[in-house]
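Here is the structure we will look at, set down as structure tokens.
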Amino acid sequence: MTGTAASPMVSRVEAGQVLVLERVFPAPRALVFGAFTQAEQLRRWWGPHGWEVPFCTVDLRPGGRWHYCMKCVDRTQGEFYGMESWGLGIYGEIDAPERLVYTDYFSDADANINENMPPTRVTLTFEEVEGGTKVTNRASYGSEEALKTVLEMGMLQGMTETWERLAEYLDSPQD
């Protein structure tokens with residue numbers, strides 16, 4: 001299925017505190033699910049343009065952790081160049097290759113959660129559709145203000161670019 005362009009990402013807000021992102025990727029569901037759940041794959045596409053993932057571990061089981069660092073390596077991004085952004089996901093439900101639920105936290109290099117930043121409850125579904133796999137990301141926040149905080153930080157642009165990188169990764173030859 002590679003060689004066919006992925007659809008553009010569609011986003012909407014539900015109930016004021018849930019951001020829903022959807023996109024169809026022209027790749028088999030198992031491949032797309034693996035891209036979201038295997039550290040060696042996440043390192044190759046996770047993060048917006050100009051960022052790389054120098055650190056990523058995945059313990060894919062309920063209660064397991066996904067700990068990662070995104071680092072800006074693009075000098076044209078000004079004050080962001082050299083910046084590190086650490087995250088910690090704690091898995092709740094795993095129904096491979098159909099569904100993945102985790103809570104995503106801002107953290108530090110030691111996986112200490114930043115209590116000053118809002119956590120995100122992420123529910124990812126992977127649906128086989130004509131032409132590939134439809135990924136739906138439901139990002140739930142504790143309040144409208146929490147969602148507003150991450151949107152003002154540029155999270156929607158970052159996720160759009162991240163999914164663009166995923167489309168490019170899925171379209172490239174897999175090792």
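Letters A, B, ... go to the chains of the structure tokens in the order shown; residues in each chain start at 1; ligands are counted from 1 in the same order.
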For the contact check between stretch 27-98 of chain A and stretch 156-167 of chain A, emit one row per residue of stretch 27-98 of chain A within 10 Å, containing the shortest atom pair and the distance in Å rounded to one decimal, counting only C-alpha atoms, chain then rising number order, as CSV.
```
residue,atom,partner,partner_atom,distance
A:Ala27,CA,A:Ala167,CA,9.0
A:Val32,CA,A:Leu166,CA,8.8
A:Ala35,CA,A:Leu166,CA,8.0
A:Phe36,CA,A:Leu166,CA,9.3
A:Gln41,CA,A:Leu166,CA,9.7
A:Leu42,CA,A:Leu166,CA,8.9
A:Arg44,CA,A:Leu166,CA,8.5
A:Trp45,CA,A:Arg165,CA,5.4
A:Trp46,CA,A:Thr162,CA,5.8
A:Gly47,CA,A:Thr162,CA,4.8
A:Pro48,CA,A:Thr162,CA,4.6
A:His49,CA,A:Glu161,CA,6.0
A:Gly50,CA,A:Glu161,CA,9.7
A:Trp51,CA,A:Thr162,CA,9.5
```
> What lies within 9 Å of A:Arg99 using only C-alpha atoms, ignoring chain neighbours under 4 positions off, as an MDAnalysis selection string?
Replying inline: chainID A and resid 33 93:95 123:127
> Would you give me, as a count of residues only, the residues in stretch 68-114 of chain A that DSSP reads as strand (DSSP E)?
Replying inline: 26
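Distance-wise, atom CA of A:Ile113 and atom CA of A:Glu14 end up 26.4 Å apart.
Atom CA of A:Val20 sits 5.6 Å away from atom CA of A:Asn137.
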When you look at stretch 79-91 of chain A with a cut-off of 8 Å (counting only C-alpha atoms), what residues show up, excluding the ones that are within fewer than 4 positions of it in the same chain? I need them as a PDB file with C-alpha atoms, in the first residue's frame.
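Below is the file that was written, part.pdb:
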```pdb
ATOM      1  CA  LEU A  60       4.207  -2.139  26.213  1.00  0.00           C
ATOM      2  CA  ARG A  61       1.933  -3.621  28.872  1.00  0.00           C
ATOM      3  CA  PRO A  62      -0.802  -2.243  31.114  1.00  0.00           C
ATOM      4  CA  GLY A  63       1.024  -0.147  33.703  1.00  0.00           C
ATOM      5  CA  GLY A  64       4.126  -0.105  31.490  1.00  0.00           C
ATOM      6  CA  ARG A  65       5.873   3.092  30.473  1.00  0.00           C
ATOM      7  CA  TRP A  66       6.857   4.916  27.334  1.00  0.00           C
ATOM      8  CA  HIS A  67       9.594   7.401  28.288  1.00  0.00           C
ATOM      9  CA  TYR A  68      11.042   9.631  25.593  1.00  0.00           C
ATOM     10  CA  CYS A  69      12.950  12.799  24.835  1.00  0.00           C
ATOM     11  CA  MET A  70      12.424  15.022  21.815  1.00  0.00           C
ATOM     12  CA  LYS A  71      15.288  17.388  21.011  1.00  0.00           C
ATOM     13  CA  CYS A  72      15.223  20.305  18.568  1.00  0.00           C
ATOM     14  CA  VAL A  73      18.075  19.899  16.085  1.00  0.00           C
ATOM     15  CA  ASP A  74      16.960  22.574  13.607  1.00  0.00           C
ATOM     16  CA  ARG A  75      18.939  25.799  14.025  1.00  0.00           C
ATOM     17  CA  LEU A 100      -4.094   1.768  22.723  1.00  0.00           C
ATOM     18  CA  VAL A 101      -4.904   3.857  25.802  1.00  0.00           C
ATOM     19  CA  TYR A 102      -2.318   5.722  27.843  1.00  0.00           C
ATOM     20  CA  THR A 103      -1.865   8.837  29.934  1.00  0.00           C
ATOM     21  CA  ASP A 104       0.791  11.182  28.592  1.00  0.00           C
ATOM     22  CA  TYR A 105       2.651  13.435  31.018  1.00  0.00           C
ATOM     23  CA  PHE A 106       5.290  16.093  30.669  1.00  0.00           C
ATOM     24  CA  SER A 107       8.278  14.753  32.578  1.00  0.00           C
ATOM     25  CA  ASP A 108      12.004  15.088  33.086  1.00  0.00           C
ATOM     26  CA  ALA A 109      14.906  12.824  32.150  1.00  0.00           C
ATOM     27  CA  ALA A 111      10.627  10.223  34.432  1.00  0.00           C
ATOM     28  CA  ILE A 113       6.064  13.940  36.192  1.00  0.00           C
TER      29      ILE A 113
END
```
> Got a sec to tell me which of stretch 49-173 of chain A DSSP assigns to alpha helix (DSSP H), as an MDAnalysis selection string?
Replying inline: chainID A and resid 144:152 155:171
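Minimum distance to A:Gln17 across A:Gly132, A:Leu151, A:Glu115, A:Tyr169 (counting only C-alpha atoms) occurs at A:Leu151.
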